[in-house]
$ cat protein_16.cif   # mmCIF, C-alpha atoms
data_final
loop_
_atom_site.group_PDB
_atom_site.id
_atom_site.type_symbol
_atom_site.label_atom_id
_atom_site.label_comp_id
_atom_site.auth_asym_id
_atom_site.auth_seq_id
_atom_site.Cartn_x
_atom_site.Cartn_y
_atom_site.Cartn_z
ATOM 1 C CA MET A 23 0.000 0.000 0.000
ATOM 2 C CA GLN A 24 1.836 3.065 -1.291
ATOM 3 C CA THR A 25 -0.792 5.554 -0.101
ATOM 4 C CA PHE A 26 -2.986 5.537 2.996
ATOM 5 C CA PRO A 27 -6.704 6.198 2.440
ATOM 6 C CA ALA A 28 -8.274 8.618 4.909
ATOM 7 C CA PHE A 29 -11.515 10.591 5.194
ATOM 8 C CA PHE A 30 -11.667 14.302 6.076
ATOM 9 C CA PRO A 31 -14.763 15.440 8.036
ATOM 10 C CA LEU A 32 -16.282 18.384 6.147
ATOM 11 C CA ALA A 33 -19.104 19.606 8.399
ATOM 12 C CA GLY A 34 -18.311 23.129 9.525
ATOM 13 C CA ARG A 35 -15.072 23.212 7.495
ATOM 14 C CA ARG A 36 -13.958 25.373 4.578
ATOM 15 C CA VAL A 37 -12.635 24.032 1.280
ATOM 16 C CA VAL A 38 -10.823 26.293 -1.185
ATOM 17 C CA ILE A 39 -10.985 25.662 -4.934
ATOM 18 C CA ALA A 40 -8.479 27.768 -6.840
ATOM 19 C CA GLY A 41 -8.014 28.390 -10.552
ATOM 20 C CA GLU A 42 -10.028 28.197 -13.762
ATOM 21 C CA GLY A 43 -11.274 25.608 -16.221
ATOM 22 C CA GLU A 44 -12.999 22.251 -16.297
ATOM 23 C CA GLY A 45 -10.881 20.927 -13.430
ATOM 24 C CA VAL A 46 -12.307 23.597 -11.142
ATOM 25 C CA GLU A 47 -15.857 22.935 -12.361
ATOM 26 C CA ALA A 48 -15.406 19.204 -11.681
ATOM 27 C CA LYS A 49 -14.310 19.858 -8.091
ATOM 28 C CA LEU A 50 -17.238 22.225 -7.565
ATOM 29 C CA ARG A 51 -19.616 19.496 -8.742
ATOM 30 C CA LEU A 52 -17.868 16.925 -6.548
ATOM 31 C CA LEU A 53 -18.284 18.999 -3.388
ATOM 32 C CA ALA A 54 -21.683 20.515 -4.182
ATOM 33 C CA GLY A 55 -23.544 18.187 -1.839
ATOM 34 C CA SER A 56 -21.065 18.323 1.018
ATOM 35 C CA PRO A 57 -21.644 20.223 4.280
ATOM 36 C CA ALA A 58 -18.431 22.217 3.780
ATOM 37 C CA THR A 59 -18.282 25.910 2.931
ATOM 38 C CA ILE A 60 -16.824 26.093 -0.584
ATOM 39 C CA GLN A 61 -14.683 29.126 -1.419
ATOM 40 C CA ARG A 62 -13.615 29.684 -5.015
ATOM 41 C CA VAL A 63 -10.649 31.925 -5.720
ATOM 42 C CA THR A 64 -9.054 32.941 -9.016
ATOM 43 C CA GLY A 65 -6.167 35.007 -10.346
ATOM 44 C CA GLU A 66 -4.010 36.877 -7.834
ATOM 45 C CA ALA A 67 -6.445 36.058 -5.016
ATOM 46 C CA ALA A 68 -5.493 32.411 -5.445
ATOM 47 C CA LEU A 69 -1.862 33.286 -4.697
ATOM 48 C CA ALA A 70 -2.590 35.147 -1.453
ATOM 49 C CA PRO A 71 -1.695 33.182 1.720
ATOM 50 C CA GLY A 72 -4.815 34.424 3.457
ATOM 51 C CA ALA A 73 -7.009 32.555 0.985
ATOM 52 C CA TYR A 74 -5.982 29.218 2.456
ATOM 53 C CA GLU A 75 -5.473 29.908 6.151
ATOM 54 C CA GLY A 76 -7.733 27.707 8.273
ATOM 55 C CA ALA A 77 -9.055 25.738 5.294
ATOM 56 C CA ALA A 78 -9.443 21.971 5.653
ATOM 57 C CA LEU A 79 -8.508 21.240 2.036
ATOM 58 C CA ALA A 80 -7.491 23.055 -1.121
ATOM 59 C CA PHE A 81 -7.899 22.076 -4.758
ATOM 60 C CA VAL A 82 -6.007 23.795 -7.564
ATOM 61 C CA ALA A 83 -6.719 23.459 -11.281
ATOM 62 C CA SER A 84 -5.452 25.434 -14.242
ATOM 63 C CA ALA A 85 -3.934 24.995 -17.695
ATOM 64 C CA ASP A 86 -1.050 27.167 -16.437
ATOM 65 C CA ALA A 87 1.445 24.828 -14.751
ATOM 66 C CA GLY A 88 3.270 27.806 -13.210
ATOM 67 C CA PHE A 89 0.078 29.002 -11.560
ATOM 68 C CA CYS A 90 -0.594 25.502 -10.234
ATOM 69 C CA ALA A 91 2.858 25.231 -8.688
ATOM 70 C CA ALA A 92 2.654 28.703 -7.128
ATOM 71 C CA ALA A 93 -0.865 28.233 -5.705
ATOM 72 C CA ALA A 94 0.042 24.811 -4.307
ATOM 73 C CA ALA A 95 3.111 26.261 -2.596
ATOM 74 C CA VAL A 96 1.054 29.063 -1.016
ATOM 75 C CA ALA A 97 -1.621 26.654 0.220
ATOM 76 C CA ARG A 98 0.999 24.285 1.648
ATOM 77 C CA ALA A 99 2.756 27.158 3.412
ATOM 78 C CA ALA A 100 -0.576 28.035 5.033
ATOM 79 C CA GLY A 101 -0.767 24.503 6.416
ATOM 80 C CA THR A 102 -3.551 23.342 4.101
ATOM 81 C CA PRO A 103 -3.322 19.961 2.327
ATOM 82 C CA VAL A 104 -3.583 20.592 -1.410
ATOM 83 C CA ASN A 105 -4.523 18.593 -4.481
ATOM 84 C CA VAL A 106 -3.510 19.843 -7.915
ATOM 85 C CA VAL A 107 -5.588 18.425 -10.759
ATOM 86 C CA ASP A 108 -3.464 16.389 -13.213
ATOM 87 C CA HIS A 109 -0.304 17.137 -11.230
ATOM 88 C CA PRO A 110 0.230 14.366 -8.660
ATOM 89 C CA GLU A 111 3.824 15.539 -8.169
ATOM 90 C CA LEU A 112 2.487 18.831 -6.759
ATOM 91 C CA SER A 113 -0.203 17.231 -4.598
ATOM 92 C CA ASP A 114 -0.262 16.321 -0.907
ATOM 93 C CA PHE A 115 -3.139 13.922 -1.536
ATOM 94 C CA HIS A 116 -4.918 12.361 -4.499
ATOM 95 C CA THR A 117 -8.634 12.567 -5.221
ATOM 96 C CA PRO A 118 -10.029 9.039 -5.622
ATOM 97 C CA ALA A 119 -12.964 7.838 -7.666
ATOM 98 C CA ILE A 120 -15.846 8.152 -5.199
ATOM 99 C CA ILE A 121 -19.060 6.232 -4.620
ATOM 100 C CA ASP A 122 -21.372 8.412 -2.539
ATOM 101 C CA ARG A 123 -24.261 6.808 -0.685
ATOM 102 C CA GLY A 124 -24.628 9.435 2.032
ATOM 103 C CA GLN A 125 -23.203 7.905 5.205
ATOM 104 C CA VAL A 126 -21.452 5.277 3.072
ATOM 105 C CA VAL A 127 -18.586 6.614 0.992
ATOM 106 C CA ALA A 128 -16.256 4.323 -0.918
ATOM 107 C CA ALA A 129 -13.051 5.596 -2.492
ATOM 108 C CA ILE A 130 -10.917 3.894 -5.133
ATOM 109 C CA GLY A 131 -7.469 5.319 -5.809
ATOM 110 C CA THR A 132 -4.432 4.566 -7.948
ATOM 111 C CA ALA A 133 -2.043 7.041 -6.262
ATOM 112 C CA GLY A 134 -2.640 9.371 -9.200
ATOM 113 C CA ALA A 135 -1.099 6.928 -11.677
ATOM 114 C CA ALA A 136 -4.217 5.910 -13.636
ATOM 115 C CA PRO A 137 -7.458 7.672 -12.634
ATOM 116 C CA ILE A 138 -9.314 5.980 -15.505
ATOM 117 C CA VAL A 139 -8.733 2.587 -13.853
ATOM 118 C CA ALA A 140 -10.202 3.881 -10.580
ATOM 119 C CA ALA A 141 -13.206 5.218 -12.502
ATOM 120 C CA LEU A 142 -13.811 1.836 -14.160
ATOM 121 C CA ILE A 143 -13.662 0.035 -10.803
ATOM 122 C CA ARG A 144 -16.049 2.591 -9.354
ATOM 123 C CA ALA A 145 -18.524 1.902 -12.159
ATOM 124 C CA GLU A 146 -18.426 -1.816 -11.326
ATOM 125 C CA LEU A 147 -19.018 -1.202 -7.622
ATOM 126 C CA GLU A 148 -21.730 1.418 -8.173
ATOM 127 C CA ALA A 149 -23.989 -1.250 -9.660
ATOM 128 C CA LYS A 150 -23.527 -3.524 -6.648
ATOM 129 C CA LEU A 151 -24.247 -1.045 -3.840
ATOM 130 C CA PRO A 152 -27.968 -0.572 -3.104
ATOM 131 C CA ALA A 153 -29.156 3.022 -3.237
ATOM 132 C CA GLY A 154 -30.504 2.764 0.316
ATOM 133 C CA VAL A 155 -27.330 1.524 1.994
ATOM 134 C CA GLY A 156 -26.479 5.028 3.169
ATOM 135 C CA ARG A 157 -29.890 5.425 4.790
ATOM 136 C CA LEU A 158 -29.456 2.040 6.453
ATOM 137 C CA VAL A 159 -26.092 3.033 7.922
ATOM 138 C CA GLU A 160 -27.574 6.344 9.088
ATOM 139 C CA LEU A 161 -30.245 4.342 10.929
ATOM 140 C CA PHE A 162 -27.583 2.106 12.502
ATOM 141 C CA GLY A 163 -25.830 5.236 13.761
ATOM 142 C CA LYS A 164 -29.051 6.724 15.121
ATOM 143 C CA LEU A 165 -29.841 3.545 17.080
ATOM 144 C CA ARG A 166 -26.241 2.732 18.024
ATOM 145 C CA ASP A 167 -26.662 3.359 21.753
ATOM 146 C CA GLU A 168 -29.948 1.452 21.911
ATOM 147 C CA THR A 169 -28.365 -1.458 20.044
ATOM 148 C CA ARG A 170 -25.438 -1.580 22.463
ATOM 149 C CA VAL A 171 -27.768 -1.636 25.450
ATOM 150 C CA ALA A 172 -30.022 -4.310 23.964
ATOM 151 C CA LEU A 173 -27.111 -6.403 22.678
ATOM 152 C CA PRO A 174 -24.029 -5.856 24.854
ATOM 153 C CA ASP A 175 -22.157 -8.794 23.323
ATOM 154 C CA LEU A 176 -20.177 -7.793 20.210
ATOM 155 C CA ALA A 177 -20.852 -11.070 18.383
ATOM 156 C CA GLN A 178 -24.590 -10.624 19.001
ATOM 157 C CA ARG A 179 -24.507 -7.074 17.642
ATOM 158 C CA ARG A 180 -22.656 -8.159 14.520
ATOM 159 C CA PHE A 181 -25.131 -10.953 13.904
ATOM 160 C CA PHE A 182 -28.080 -8.604 14.453
ATOM 161 C CA LEU A 183 -26.749 -5.881 12.131
ATOM 162 C CA ARG A 184 -25.938 -8.443 9.457
ATOM 163 C CA ALA A 185 -29.563 -9.583 9.669
ATOM 164 C CA MET A 186 -30.785 -5.981 9.389
ATOM 165 C CA MET A 187 -28.850 -5.540 6.141
ATOM 166 C CA SER A 188 -31.269 -7.888 4.438
ATOM 167 C CA GLY A 189 -35.006 -8.314 4.786
ATOM 168 C CA ALA A 190 -37.723 -5.818 5.694
ATOM 169 C CA VAL A 191 -35.522 -3.156 7.327
ATOM 170 C CA ALA A 192 -33.177 -2.975 4.349
ATOM 171 C CA GLU A 193 -36.103 -2.980 1.923
ATOM 172 C CA ALA A 194 -37.724 -0.029 3.703
ATOM 173 C CA ALA A 195 -34.454 1.909 3.705
ATOM 174 C CA ASP A 196 -33.909 1.163 0.026
ATOM 175 C CA ALA A 197 -37.422 2.437 -0.729
ATOM 176 C CA GLY A 198 -36.665 5.674 1.104
ATOM 177 C CA ASP A 199 -39.085 4.976 3.973
ATOM 178 C CA ALA A 200 -36.788 5.873 6.874
ATOM 179 C CA ALA A 201 -39.638 5.916 9.418
ATOM 180 C CA GLN A 202 -40.711 2.382 8.532
ATOM 181 C CA ALA A 203 -37.116 1.118 8.604
ATOM 182 C CA GLU A 204 -36.619 2.635 12.056
ATOM 183 C CA ARG A 205 -39.886 1.187 13.372
ATOM 184 C CA LEU A 206 -38.994 -2.301 12.130
ATOM 185 C CA MET A 207 -35.485 -2.135 13.569
ATOM 186 C CA ARG A 208 -36.776 -0.998 16.964
ATOM 187 C CA GLU A 209 -39.215 -3.914 16.945
ATOM 188 C CA ALA A 210 -36.371 -6.298 16.127
ATOM 189 C CA LEU A 211 -34.290 -4.880 18.993
ATOM 190 C CA GLY A 212 -37.229 -5.409 21.312
ATOM 191 C CA ARG A 213 -37.348 -9.072 20.353
ATOM 192 C CA GLY A 214 -33.604 -9.425 20.901
ATOM 193 C CA ALA A 215 -31.162 -11.380 18.764
ATOM 194 C CA THR A 216 -30.756 -15.098 18.741
ATOM 195 C CA THR A 217 -27.222 -15.555 17.516
ATOM 196 C CA GLU A 218 -26.463 -18.577 15.437
ATOM 197 C CA GLY A 219 -22.799 -19.444 15.420
ATOM 198 C CA VAL A 220 -21.398 -21.452 12.542
ATOM 199 C CA ILE A 221 -18.094 -22.922 11.390
ATOM 200 C CA TRP A 222 -17.201 -22.350 7.751
ATOM 201 C CA LEU A 223 -14.797 -24.826 6.176
ATOM 202 C CA ILE A 224 -13.194 -23.052 3.224
ATOM 203 C CA GLU A 225 -11.064 -25.073 0.861
ATOM 204 C CA THR A 226 -7.763 -23.348 0.094
ATOM 205 C CA PRO A 227 -7.788 -22.175 -3.544
ATOM 206 C CA SER A 228 -4.713 -22.427 -5.736
ATOM 207 C CA ALA A 229 -5.302 -18.768 -6.660
ATOM 208 C CA ARG A 230 -7.447 -16.097 -4.982
ATOM 209 C CA ASP A 231 -9.726 -15.658 -7.993
ATOM 210 C CA LEU A 232 -10.840 -19.279 -7.530
ATOM 211 C CA LEU A 233 -12.353 -18.383 -4.167
ATOM 212 C CA SER A 234 -16.152 -18.245 -4.354
ATOM 213 C CA LEU A 235 -17.997 -14.989 -3.722
ATOM 214 C CA ARG A 236 -19.693 -16.574 -0.731
ATOM 215 C CA ALA A 237 -16.332 -17.623 0.727
ATOM 216 C CA ALA A 238 -15.015 -14.081 0.274
ATOM 217 C CA ARG A 239 -18.060 -12.717 2.112
ATOM 218 C CA VAL A 240 -17.622 -15.251 4.919
ATOM 219 C CA LEU A 241 -14.010 -14.151 5.353
ATOM 220 C CA ALA A 242 -15.095 -10.505 5.517
ATOM 221 C CA GLU A 243 -17.641 -11.280 8.264
ATOM 222 C CA ALA A 244 -15.946 -14.027 10.323
ATOM 223 C CA ASP A 245 -15.253 -13.396 14.008
ATOM 224 C CA LEU A 246 -12.319 -15.855 14.009
ATOM 225 C CA LEU A 247 -9.899 -16.937 11.292
ATOM 226 C CA VAL A 248 -8.254 -20.379 11.530
ATOM 227 C CA LEU A 249 -5.457 -21.023 9.055
ATOM 228 C CA GLY A 250 -4.136 -24.299 7.737
ATOM 229 C CA GLU A 251 -0.735 -24.689 6.139
ATOM 230 C CA GLY A 252 0.105 -22.831 2.937
ATOM 231 C CA VAL A 253 -2.759 -20.333 2.902
ATOM 232 C CA ALA A 254 -1.727 -17.440 0.652
ATOM 233 C CA ALA A 255 -1.491 -13.946 2.100
ATOM 234 C CA ASP A 256 -3.745 -12.511 -0.617
ATOM 235 C CA VAL A 257 -6.517 -14.844 0.568
ATOM 236 C CA THR A 258 -6.204 -13.950 4.252
ATOM 237 C CA ALA A 259 -6.190 -10.276 3.235
ATOM 238 C CA LEU A 260 -9.920 -10.661 2.527
ATOM 239 C CA ALA A 261 -10.635 -11.282 6.216
ATOM 240 C CA ARG A 262 -11.457 -8.579 8.752
ATOM 241 C CA ARG A 263 -8.236 -7.081 10.048
ATOM 242 C CA ASP A 264 -9.532 -7.081 13.625
ATOM 243 C CA ALA A 265 -10.537 -10.758 13.551
ATOM 244 C CA PRO A 266 -8.255 -12.952 15.749
ATOM 245 C CA ARG A 267 -6.179 -15.522 13.854
ATOM 246 C CA ARG A 268 -4.834 -18.871 14.943
ATOM 247 C CA ALA A 269 -3.260 -21.918 13.351
ATOM 248 C CA LEU A 270 -5.388 -24.951 12.580
ATOM 249 C CA ALA A 271 -2.672 -27.106 14.129
ATOM 250 C CA ASP A 272 -3.395 -25.394 17.472
ATOM 251 C CA THR A 273 -7.184 -25.624 17.138
ATOM 252 C CA ASP A 274 -9.441 -28.589 17.807
ATOM 253 C CA ALA A 275 -13.083 -29.317 17.052
ATOM 254 C CA ALA A 276 -14.162 -28.742 20.660
ATOM 255 C CA PHE A 277 -12.796 -25.194 20.619
ATOM 256 C CA LEU A 278 -14.632 -24.368 17.376
ATOM 257 C CA ALA A 279 -17.836 -25.928 18.681
ATOM 258 C CA ASP A 280 -17.623 -23.714 21.773
ATOM 259 C CA GLU A 281 -17.144 -20.642 19.546
ATOM 260 C CA ALA A 282 -20.264 -21.571 17.582
ATOM 261 C CA ALA A 283 -22.214 -22.146 20.794
ATOM 262 C CA GLU A 284 -21.311 -18.577 21.819
ATOM 263 C CA GLY A 285 -22.806 -17.281 18.570
ATOM 264 C CA ARG A 286 -19.545 -16.573 16.770
ATOM 265 C CA GLN A 287 -18.673 -17.330 13.151
ATOM 266 C CA SER A 288 -15.371 -19.083 12.514
ATOM 267 C CA ALA A 289 -13.744 -19.400 9.089
ATOM 268 C CA VAL A 290 -11.301 -22.284 8.696
ATOM 269 C CA ILE A 291 -9.139 -22.108 5.559
ATOM 270 C CA ALA A 292 -7.162 -25.222 4.764
ATOM 271 C CA GLY A 293 -6.622 -28.010 2.268
ATOM 272 C CA SER A 294 -9.378 -30.546 1.608
ATOM 273 C CA GLU A 295 -7.675 -33.318 3.598
ATOM 274 C CA ALA A 296 -7.382 -31.197 6.758
ATOM 275 C CA LEU A 297 -10.947 -29.934 6.378
ATOM 276 C CA THR A 298 -12.289 -33.461 5.958
ATOM 277 C CA ALA A 299 -10.641 -34.538 9.203
ATOM 278 C CA LEU A 300 -12.061 -31.491 10.994
ATOM 279 C CA ALA A 301 -15.559 -32.071 9.587
ATOM 280 C CA LEU A 302 -15.497 -35.651 10.869
ATOM 281 C CA ALA A 303 -14.385 -34.451 14.311
ATOM 282 C CA LEU A 304 -17.161 -31.851 14.404
ATOM 283 C CA GLY A 305 -19.805 -34.369 13.443
ATOM 284 C CA ALA A 306 -23.397 -33.266 13.919
ATOM 285 C CA ASP A 307 -22.779 -31.469 17.218
ATOM 286 C CA ALA A 308 -21.569 -28.177 15.717
ATOM 287 C CA PRO A 309 -23.116 -26.410 12.711
ATOM 288 C CA HIS A 310 -20.598 -26.290 9.873
ATOM 289 C CA HIS A 311 -20.650 -25.703 6.125
ATOM 290 C CA TRP A 312 -18.108 -26.566 3.445
ATOM 291 C CA LEU A 313 -17.207 -24.044 0.735
ATOM 292 C CA SER A 314 -15.189 -25.531 -2.110
ATOM 293 C CA ALA A 315 -12.760 -23.614 -4.295
ATOM 294 C CA ALA A 316 -13.610 -23.287 -7.982
ATOM 295 C CA PRO A 317 -11.842 -25.788 -10.256
ATOM 296 C CA GLU A 318 -8.898 -24.531 -12.275
ATOM 297 C CA ALA A 319 -9.599 -23.925 -15.940
#
$ encode --input "protein_16.cif" --output "structure tokens"
Amino acid sequence: MQTFPAFFPLAGRRVVIAGEGEGVEAKLRLLAGSPATIQRVTGEAALAPGAYEGAALAFVASADAGFCAAAAAVARAAGTPVNVVDHPELSDFHTPAIIDRGQVVAAIGTAGAAPIVAALIRAELEAKLPAGVGRLVELFGKLRDETRVALPDLAQRRFFLRAMMSGAVAEAADAGDAAQAERLMREALGRGATTEGVIWLIETPSARDLLSLRAARVLAEADLLVLGEGVAADVTALARRDAPRRALADTDAAFLADEAAEGRQSAVIAGSEALTALALALGADAPHHWLSAAPEA
């Protein structure tokens, strides 16, 4: 990872857009729906240090490379991070391709090397993110404290929120009926969550692209990651970074069964022989599912 992705809070902040041309117009369109105060400056005003003092971010765009370099230097001297359109060498940060769903914002970047690639990836992801996901996350934030009180156990909360992301609550949010989504979620909290732990047995693929979509989702949601021998790093990278990890050689069926009984999801990634032995040891006492890798072409 050559660059670190980060998000700048914009509520109550000022953003300066300096220069002329389509690059400036594009940044104005990008930030039009943000809660920031947008200040546009041109000409000599864009080279005055006072234009950038106290600003959260600055964007510079112009066909004049000399102007871009000068404005970027002034903004940087004022302590404001600056992005110069089409000049990554003059920029403190790069503007990614953005998917905006309100509370959910996804950013795809290429460190300024190939913005068109980021835009193509964004187009692929745009089609997969429901329009109402931002409203759903806003609801989760609104009821965060109530959810913590009703479900103090972290595994229970994760299971509950995963359930809310599909079904009637998600459908109401997607339809734009925030009141109905909130009512349904409050009712669900009142009923409490019955967590259902499970053990996922994921066959190690010879290449990451042979991993099934379901297996990739399981890795992203698992509370515990158990690794057999020879599991590639690019496969384990799909798992939650905060999920504990342990070796399969140090893990027995009884331990995994206890995890499932506590409502946690465990993902075991290993070769078919090791998974077969584990499945036999688990028997019918612990819920477990096998996810095979796709065959090589």
$ closest_residue --input "protein_16.cif" --among "A:Gly34, A:Gly250, A:Gly285, A:Pro118" --to "Arg268 (chain A)" --atoms "all atoms listed in the file"
A:Gly250
$ closest_residue --input "protein_16.cif" --among "A:Ala299, A:Lys164, A:Ala244, A:Ala87" --to "Ala271 (chain A)" --atoms "only C-alpha atoms"
A:Ala299
$ resolve_selection --input "protein_16.cif" --expression "the PyMOL selection byres ((chain A and resi 181) around 12)" --output "list in words"
Thr169, Leu173, Asp175, Leu176, Ala177, Gln178, Arg179, Arg180, Phe182, Leu183, Arg184, Ala185, Met186, Met187, Ser188, Gly214, Ala215, Thr216, Thr217, Glu218, Gly219, Val220, Glu243, Ala244, Asp245, Glu284, Gly285, Arg286 and Gln287 of chain A
$ write_last_selection --input "protein_16.cif" --atoms "C-alpha atoms" --output "compact mmCIF listing (two decimals), in the frame of the given file"
# COMPACT_ATOMS: atom_id res chain seq x y z
CA THR A 169 -28.36 -1.46 20.04
CA LEU A 173 -27.11 -6.40 22.68
CA ASP A 175 -22.16 -8.79 23.32
CA LEU A 176 -20.18 -7.79 20.21
CA ALA A 177 -20.85 -11.07 18.38
CA GLN A 178 -24.59 -10.62 19.00
CA ARG A 179 -24.51 -7.07 17.64
CA ARG A 180 -22.66 -8.16 14.52
CA PHE A 182 -28.08 -8.60 14.45
CA LEU A 183 -26.75 -5.88 12.13
CA ARG A 184 -25.94 -8.44 9.46
CA ALA A 185 -29.56 -9.58 9.67
CA MET A 186 -30.78 -5.98 9.39
CA MET A 187 -28.85 -5.54 6.14
CA SER A 188 -31.27 -7.89 4.44
CA GLY A 214 -33.60 -9.43 20.90
CA ALA A 215 -31.16 -11.38 18.76
CA THR A 216 -30.76 -15.10 18.74
CA THR A 217 -27.22 -15.56 17.52
CA GLU A 218 -26.46 -18.58 15.44
CA GLY A 219 -22.80 -19.44 15.42
CA VAL A 220 -21.40 -21.45 12.54
CA GLU A 243 -17.64 -11.28 8.26
CA ALA A 244 -15.95 -14.03 10.32
CA ASP A 245 -15.25 -13.40 14.01
CA GLU A 284 -21.31 -18.58 21.82
CA GLY A 285 -22.81 -17.28 18.57
CA ARG A 286 -19.55 -16.57 16.77
CA GLN A 287 -18.67 -17.33 13.15
$ atom_distance --input "protein_16.cif" --atom1 "CA of Val240 (chain A)" --atom2 "CA of Asp122 (chain A)"
25.1 Å
$ resolve_selection --input "protein_16.cif" --expression "the PyMOL selection byres ((chain A and resi 56-68) around 7)" --output "number ranges by chain"
A: 32-42, 53-55, 69-70, 73, 93
$ atom_distance --input "protein_16.cif" --atom1 "CA of Ala242 (chain A)" --atom2 "CA of Phe162 (chain A)"
19.1 Å
$ resolve_selection --input "protein_16.cif" --expression "the PyMOL selection byres ((chain A and resi 197) around 12)" --output "VMD selection string"
chain A and resid 152 to 158 190 to 196 198 to 203
$ residues_around --input "protein_16.cif" --residues "Glu225 (chain A)" --least-positions-apart "5" --cutoff "8 Å" --atoms "all atoms listed in the file" --output "compact mmCIF listing (two decimals) with C-alpha atoms, keeping the file's coordinate frame"
# COMPACT_ATOMS: atom_id res chain seq x y z
CA ILE A 291 -9.14 -22.11 5.56
CA ALA A 292 -7.16 -25.22 4.76
CA GLY A 293 -6.62 -28.01 2.27
CA SER A 294 -9.38 -30.55 1.61
CA LEU A 297 -10.95 -29.93 6.38
CA TRP A 312 -18.11 -26.57 3.44
CA LEU A 313 -17.21 -24.04 0.74
CA SER A 314 -15.19 -25.53 -2.11
CA ALA A 315 -12.76 -23.61 -4.30
$ atom_distance --input "protein_16.cif" --atom1 "CA of Ala128 (chain A)" --atom2 "CA of Arg144 (chain A)"
8.6 Å
$ residues_around --input "protein_16.cif" --residues "Ala135 (chain A)" --least-positions-apart "2" --cutoff "12 Å" --atoms "all atoms listed in the file" --output "list in words"
Gln24, Thr25, Asp108, His109, Pro110, Glu111, His116, Thr117, Pro118, Gly131, Thr132, Ala133, Pro137, Ile138, Val139 and Ala140 of chain A
$ closest_residue --input "protein_16.cif" --among "A:Gln125, A:Glu160, A:Ala119, A:Ser288" --to "Glu146 (chain A)" --atoms "all atoms listed in the file"
A:Ala119
$ residues_near_point --input "protein_16.cif" --point "(-16.7, -31.4, 24.5)" --cutoff "12 Å" --atoms "only C-alpha atoms" --output "MDAnalysis selection string"
chainID A and resid 274:281 283 303:305 307:308
$ closest_residue --input "protein_16.cif" --among "A:Ala289, A:Ala282, A:Ala255, A:Ala97" --to "Leu270 (chain A)" --atoms "all atoms listed in the file"
A:Ala289
$ residues_near_point --input "protein_16.cif" --point "(-12.7, -18.8, -11.6)" --cutoff "6 Å" --atoms "all atoms listed in the file" --output "PyMOL selection string"
chain A and resi 231-232+316
$ write_last_selection --input "protein_16.cif" --atoms "C-alpha atoms" --output "PDB file, keeping the file's coordinate frame"
ATOM      1  CA  ASP A 231      -9.726 -15.658  -7.993  1.00  0.00           C
ATOM      2  CA  LEU A 232     -10.840 -19.279  -7.530  1.00  0.00           C
ATOM      3  CA  ALA A 316     -13.610 -23.287  -7.982  1.00  0.00           C
TER       4      ALA A 316
END
$ residues_around --input "protein_16.cif" --residues "Ala306 (chain A)" --least-positions-apart "4" --cutoff "12 Å" --atoms "only C-alpha atoms" --output "list in words"
Ile221, Ala275, Ala279, Leu300, Ala301, Leu302, His310 and His311 of chain A
$ closest_residue --input "protein_16.cif" --among "A:Val106, A:Met207, A:Ala28, A:Ile224" --to "Leu247 (chain A)" --atoms "all atoms listed in the file"
A:Ile224
$ closest_residue --input "protein_16.cif" --among "A:Val107, A:Arg98, A:Ala261, A:Leu206" --to "Glu44 (chain A)" --atoms "all atoms listed in the file"
A:Val107
$ build_atoms --input "protein_16.cif" --residues "region 136-146 of chain A" --atoms "N, CA and C atoms" --output "mmCIF file, in the coordinates of the input"
data_model
loop_
_atom_site.group_PDB
_atom_site.id
_atom_site.type_symbol
_atom_site.label_atom_id
_atom_site.label_comp_id
_atom_site.auth_asym_id
_atom_site.auth_seq_id
_atom_site.Cartn_x
_atom_site.Cartn_y
_atom_site.Cartn_z
ATOM 1 N N ALA A 136 -3.274 6.241 -12.561
ATOM 2 C CA ALA A 136 -4.217 5.910 -13.636
ATOM 3 C C ALA A 136 -5.647 6.137 -13.168
ATOM 4 N N PRO A 137 -6.104 7.384 -13.104
ATOM 5 C CA PRO A 137 -7.458 7.672 -12.634
ATOM 6 C C PRO A 137 -8.541 6.936 -13.414
ATOM 7 N N ILE A 138 -8.306 6.660 -14.703
ATOM 8 C CA ILE A 138 -9.314 5.980 -15.505
ATOM 9 C C ILE A 138 -9.585 4.576 -14.968
ATOM 10 N N VAL A 139 -8.554 3.919 -14.425
ATOM 11 C CA VAL A 139 -8.733 2.587 -13.853
ATOM 12 C C VAL A 139 -9.621 2.680 -12.610
ATOM 13 N N ALA A 140 -9.366 3.680 -11.774
ATOM 14 C CA ALA A 140 -10.202 3.881 -10.580
ATOM 15 C C ALA A 140 -11.653 4.143 -10.976
ATOM 16 N N ALA A 141 -11.848 4.907 -12.046
ATOM 17 C CA ALA A 141 -13.206 5.218 -12.502
ATOM 18 C C ALA A 141 -13.923 3.961 -12.996
ATOM 19 N N LEU A 142 -13.202 3.073 -13.669
ATOM 20 C CA LEU A 142 -13.811 1.836 -14.160
ATOM 21 C C LEU A 142 -14.198 0.922 -12.999
ATOM 22 N N ILE A 143 -13.341 0.851 -11.980
ATOM 23 C CA ILE A 143 -13.662 0.035 -10.803
ATOM 24 C C ILE A 143 -14.870 0.618 -10.077
ATOM 25 N N ARG A 144 -14.908 1.935 -9.994
ATOM 26 C CA ARG A 144 -16.049 2.591 -9.354
ATOM 27 C C ARG A 144 -17.349 2.228 -10.069
ATOM 28 N N ALA A 145 -17.321 2.232 -11.392
ATOM 29 C CA ALA A 145 -18.524 1.902 -12.159
ATOM 30 C C ALA A 145 -19.008 0.487 -11.849
ATOM 31 N N GLU A 146 -18.055 -0.441 -11.666
ATOM 32 C CA GLU A 146 -18.426 -1.816 -11.326
ATOM 33 C C GLU A 146 -19.082 -1.879 -9.944
#
